[in-house]
Each structure stands twice: as C-alpha cells, then as structure tokens.
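Step one of this worksheet: look at the structure below.
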Amino acid sequence: MLLSDAFEGSEVWFACTDARQGIRYELANFVAIEDYSQDEPLKMLKGLYGTFRILRRIRPDVVLSTGAAPGLLCLLWGRVFGARTIWVDSIANSEGLSLSGRLAQRIAHLVLTQWEHLATETGAQYRGSII
C-alpha cells in the first residue's frame, strides 16, 4: 500500500495472501491469493494455476510484486501475457536477496532492492526504500 500513490490515475488491481487487506483498505479491485512457499510443492502447483487464471482475466500492463512465491508466480504469468514486471525485494533481506528475489532476476524486467549495498553485490537496482 505504501507504493499505491505511484499508480494514482491508473486502474490498479491488488492481490494479497491476506483477504482482510481488501476490506481494510476498501479496495474495489482486489483478489486474495493462497500463500505457499518452496516447501509446499502441491500448494505451489495450485498457486501456479490460480495466478494464471487471475492474470489471464485481468491482463495487466504492469505487474509489481513486493515478495514471496505467489508474487513471483504473478510476475511469471505477467511476463507470459506481455506485461512489464517489477520485483521489489523485502526490506527484511538486508544480507542478500531473498530466494524469490534471486529467481525474479531471471523473470522480471526490473528487480529492486531496498538496501543500497545489495544493488552492487547482486545486480538488482537500488532506488530507495519503501519504509
């Protein structure tokens, strides 16, 4: 939500693993997606199909993710459907990019880190932090 002002004037859809966030922020364009990790391959396969269905329906011009496996799959499908893709690695990852962030480097058009020193070490770009 801290990035939402950057998209003012655009049609924006939000996806989150916490369905309550759509209610909390009174989001008209909101979808809840299941959460999963690399340790849950069956959930991840289900998520692969679920995110495909969402991105096929919405057909966004840009897909931006702030983290984790579900967001990475959204970037993958966004790329397949011709969207520009942006990954913002979590500020919690101060020692290195997250696993999803490292994988995003192979998928996303732009990978951002919120730690300046990680930009030089990983090839991700630093343009400031969200918090």
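Naming scheme: A, B, ... for chains in displayed order of the structure tokens; residues 1 onward per chain; ligands 1 onward as shown.
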
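Neighbouring residues of Phe30 of chain A at 12 Å or closer, counting only C-alpha atoms and skipping chain neighbours under 5 positions away, are Glu11, Val12, Trp13, Phe14, Ala15, Cys16, Thr17, Asp18, Ala19, Arg20, Gln21, Gly22, Ile23, Arg24, Tyr25, Ile54 and Ile58 of chain A.
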
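DSSP secondary structure from the backbone places A:Phe14, A:Ala15, A:Cys16, A:Phe30, A:Val31, A:Ala32, A:Val62, A:Val63, A:Leu64, A:Ser65, A:Arg84, A:Thr85, A:Ile86, A:Trp87, A:Val88, A:Leu110, A:Val111, A:Leu112, A:Thr113, A:Gln125, A:Tyr126 of chain A in strand (DSSP E).
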
Please produce a file of the residues just selected, as a CSV table (one decimal), in the first residue's frame, where the atoms kept are C-alpha atoms.
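Once everything was written out, this is out_38.csv:
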```
chain,number,residue,atom,x,y,z
A,14,PHE,CA,-4.3,-5.6,-5.7
A,15,ALA,CA,-3.5,-9.2,-4.9
A,16,CYS,CA,-2.6,-10.3,-1.4
A,30,PHE,CA,-8.8,-6.9,-5.0
A,31,VAL,CA,-8.1,-10.6,-5.2
A,32,ALA,CA,-7.0,-12.9,-2.5
A,62,VAL,CA,2.5,-3.9,-15.4
A,63,VAL,CA,2.9,-6.5,-12.6
A,64,LEU,CA,4.6,-5.3,-9.4
A,65,SER,CA,5.4,-7.7,-6.6
A,84,ARG,CA,6.2,-5.2,-17.8
A,85,THR,CA,7.3,-6.8,-14.5
A,86,ILE,CA,8.9,-5.3,-11.4
A,87,TRP,CA,10.1,-7.1,-8.2
A,88,VAL,CA,10.7,-5.2,-5.0
A,110,LEU,CA,13.3,-4.7,-13.1
A,111,VAL,CA,14.5,-6.0,-9.7
A,112,LEU,CA,14.8,-3.5,-6.9
A,113,THR,CA,16.4,-4.0,-3.6
A,125,GLN,CA,18.9,-1.8,-8.6
A,126,TYR,CA,18.5,0.5,-5.6
```

- With distances taken over only C-alpha atoms, which of A:Ala68, A:Ala104, A:Ala6, A:Leu97 is nearest to Met44 of chain A? A:Ala68

- Item | From A:Ile107, A:Pro60, A:Leu45, A:Asp39, residue lying nearest Ser10 of chain A [only C-alpha atoms] |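 Among the listed residues, A:Pro60 lies closest to Ser10 of chain A.
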
- Would you kindly return, as an MDAnalysis selection string, each protein, DNA or RNA residue with an atom no farther than 12 Å from any atom of Leu118 of chain A, considering only C-alpha atoms and excluding same-chain residues fewer than 2 positions away? chainID A and resid 89:91 93:98 101:102 111:116 120:128

Those residues you just picked out, can you put them in a file as a PDB file, in the first residue's frame with N, CA and C atoms?
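Just written: part.pdb:
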```
ATOM      1  N   ASP A  89      12.294  -6.388  -3.656  1.00  0.00           N
ATOM      2  CA  ASP A  89      12.659  -7.340  -2.608  1.00  0.00           C
ATOM      3  C   ASP A  89      12.399  -6.730  -1.237  1.00  0.00           C
ATOM      4  N   SER A  90      12.040  -7.571  -0.313  1.00  0.00           N
ATOM      5  CA  SER A  90      11.678  -7.140   1.034  1.00  0.00           C
ATOM      6  C   SER A  90      12.828  -6.415   1.725  1.00  0.00           C
ATOM      7  N   ILE A  91      12.473  -5.409   2.487  1.00  0.00           N
ATOM      8  CA  ILE A  91      13.477  -4.681   3.268  1.00  0.00           C
ATOM      9  C   ILE A  91      14.072  -5.580   4.360  1.00  0.00           C
ATOM     10  N   ASN A  93      15.362  -8.394   3.949  1.00  0.00           N
ATOM     11  CA  ASN A  93      16.505  -9.127   3.406  1.00  0.00           C
ATOM     12  C   ASN A  93      17.709  -8.202   3.256  1.00  0.00           C
ATOM     13  N   SER A  94      18.360  -7.918   4.375  1.00  0.00           N
ATOM     14  CA  SER A  94      19.475  -6.969   4.357  1.00  0.00           C
ATOM     15  C   SER A  94      20.813  -7.621   4.030  1.00  0.00           C
ATOM     16  N   GLU A  95      20.892  -8.940   4.139  1.00  0.00           N
ATOM     17  CA  GLU A  95      22.157  -9.634   3.883  1.00  0.00           C
ATOM     18  C   GLU A  95      22.274 -10.131   2.449  1.00  0.00           C
ATOM     19  N   GLY A  96      21.167 -10.258   1.766  1.00  0.00           N
ATOM     20  CA  GLY A  96      21.162 -10.736   0.389  1.00  0.00           C
ATOM     21  C   GLY A  96      19.734 -10.767  -0.117  1.00  0.00           C
ATOM     22  N   LEU A  97      19.567 -10.920  -1.421  1.00  0.00           N
ATOM     23  CA  LEU A  97      18.225 -11.024  -1.971  1.00  0.00           C
ATOM     24  C   LEU A  97      17.570 -12.307  -1.464  1.00  0.00           C
ATOM     25  N   SER A  98      16.276 -12.270  -1.326  1.00  0.00           N
ATOM     26  CA  SER A  98      15.526 -13.458  -0.954  1.00  0.00           C
ATOM     27  C   SER A  98      15.635 -14.487  -2.075  1.00  0.00           C
ATOM     28  N   GLY A 101      13.564 -13.294  -4.743  1.00  0.00           N
ATOM     29  CA  GLY A 101      14.226 -12.168  -5.393  1.00  0.00           C
ATOM     30  C   GLY A 101      15.283 -12.617  -6.387  1.00  0.00           C
ATOM     31  N   ARG A 102      16.040 -13.646  -6.010  1.00  0.00           N
ATOM     32  CA  ARG A 102      17.057 -14.183  -6.923  1.00  0.00           C
ATOM     33  C   ARG A 102      16.400 -14.813  -8.150  1.00  0.00           C
ATOM     34  N   VAL A 111      14.386  -5.535 -11.119  1.00  0.00           N
ATOM     35  CA  VAL A 111      14.463  -6.047  -9.747  1.00  0.00           C
ATOM     36  C   VAL A 111      15.065  -4.946  -8.887  1.00  0.00           C
ATOM     37  N   LEU A 112      14.337  -4.600  -7.830  1.00  0.00           N
ATOM     38  CA  LEU A 112      14.775  -3.546  -6.921  1.00  0.00           C
ATOM     39  C   LEU A 112      15.074  -4.127  -5.550  1.00  0.00           C
ATOM     40  N   THR A 113      16.129  -3.643  -4.950  1.00  0.00           N
ATOM     41  CA  THR A 113      16.438  -3.965  -3.568  1.00  0.00           C
ATOM     42  C   THR A 113      16.289  -2.693  -2.752  1.00  0.00           C
ATOM     43  N   GLN A 114      15.953  -2.853  -1.500  1.00  0.00           N
ATOM     44  CA  GLN A 114      15.788  -1.696  -0.626  1.00  0.00           C
ATOM     45  C   GLN A 114      17.056  -1.421   0.184  1.00  0.00           C
ATOM     46  N   TRP A 115      18.134  -2.102  -0.153  1.00  0.00           N
ATOM     47  CA  TRP A 115      19.422  -1.913   0.511  1.00  0.00           C
ATOM     48  C   TRP A 115      20.458  -1.536  -0.540  1.00  0.00           C
ATOM     49  N   GLU A 116      21.050  -0.374  -0.400  1.00  0.00           N
ATOM     50  CA  GLU A 116      21.991   0.141  -1.390  1.00  0.00           C
ATOM     51  C   GLU A 116      23.166  -0.809  -1.621  1.00  0.00           C
ATOM     52  N   THR A 120      24.914  -3.347  -5.566  1.00  0.00           N
ATOM     53  CA  THR A 120      26.221  -3.595  -6.184  1.00  0.00           C
ATOM     54  C   THR A 120      26.598  -5.070  -6.102  1.00  0.00           C
ATOM     55  N   GLU A 121      26.155  -5.754  -5.061  1.00  0.00           N
ATOM     56  CA  GLU A 121      26.513  -7.164  -4.882  1.00  0.00           C
ATOM     57  C   GLU A 121      25.678  -8.105  -5.744  1.00  0.00           C
ATOM     58  N   THR A 122      24.442  -7.740  -6.047  1.00  0.00           N
ATOM     59  CA  THR A 122      23.520  -8.681  -6.682  1.00  0.00           C
ATOM     60  C   THR A 122      23.115  -8.326  -8.105  1.00  0.00           C
ATOM     61  N   GLY A 123      23.328  -7.093  -8.507  1.00  0.00           N
ATOM     62  CA  GLY A 123      22.872  -6.681  -9.822  1.00  0.00           C
ATOM     63  C   GLY A 123      21.464  -6.090  -9.803  1.00  0.00           C
ATOM     64  N   ALA A 124      20.783  -6.179  -8.663  1.00  0.00           N
ATOM     65  CA  ALA A 124      19.485  -5.528  -8.518  1.00  0.00           C
ATOM     66  C   ALA A 124      19.736  -4.018  -8.467  1.00  0.00           C
ATOM     67  N   GLN A 125      18.707  -3.242  -8.675  1.00  0.00           N
ATOM     68  CA  GLN A 125      18.851  -1.796  -8.620  1.00  0.00           C
ATOM     69  C   GLN A 125      18.351  -1.264  -7.279  1.00  0.00           C
ATOM     70  N   TYR A 126      18.967  -0.210  -6.819  1.00  0.00           N
ATOM     71  CA  TYR A 126      18.536   0.476  -5.608  1.00  0.00           C
ATOM     72  C   TYR A 126      18.024   1.845  -5.991  1.00  0.00           C
ATOM     73  N   ARG A 127      16.793   2.138  -5.583  1.00  0.00           N
ATOM     74  CA  ARG A 127      16.218   3.456  -5.841  1.00  0.00           C
ATOM     75  C   ARG A 127      15.575   4.013  -4.572  1.00  0.00           C
ATOM     76  N   GLY A 128      16.000   3.493  -3.436  1.00  0.00           N
ATOM     77  CA  GLY A 128      15.468   3.913  -2.150  1.00  0.00           C
ATOM     78  C   GLY A 128      14.699   2.788  -1.492  1.00  0.00           C
TER      79      GLY A 128
END
```

- Message: From the options A:Leu103, A:Glu34, A:Leu2, A:His117, which residue's atoms come nearest to Leu75 of chain A, counting only C-alpha atoms?
- Response: A:Leu103

- Write down as a list of chain:residue names the residues of segment 83-123 of chain A whose backbone DSSP state falls under helix (DSSP H, G or I). A:Leu99, A:Ser100, A:Gly101, A:Arg102, A:Leu103, A:Ala104, A:Gln105, A:Arg106, A:Ile107, A:Glu116, A:His117, A:Leu118, A:Ala119, A:Thr120, A:Glu121, A:Thr122

- Query: Suppose you want the space between atom CA of Leu55 of chain A and atom CA of Leu72 of chain A; what is it in Å?
  - Reply: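 Atom CA of Leu72 of chain A lies 12.4 Å from atom CA of Leu55 of chain A.
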
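If you measure from each of A:Asp35, A:Thr66, A:Ala92, A:Gln105 to Gly47 of chain A using only C-alpha atoms, the closest one turns out to be A:Asp35.
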
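The space between atom CA of Ser4 of chain A and atom CA of Cys74 of chain A spans 17.6 Å.
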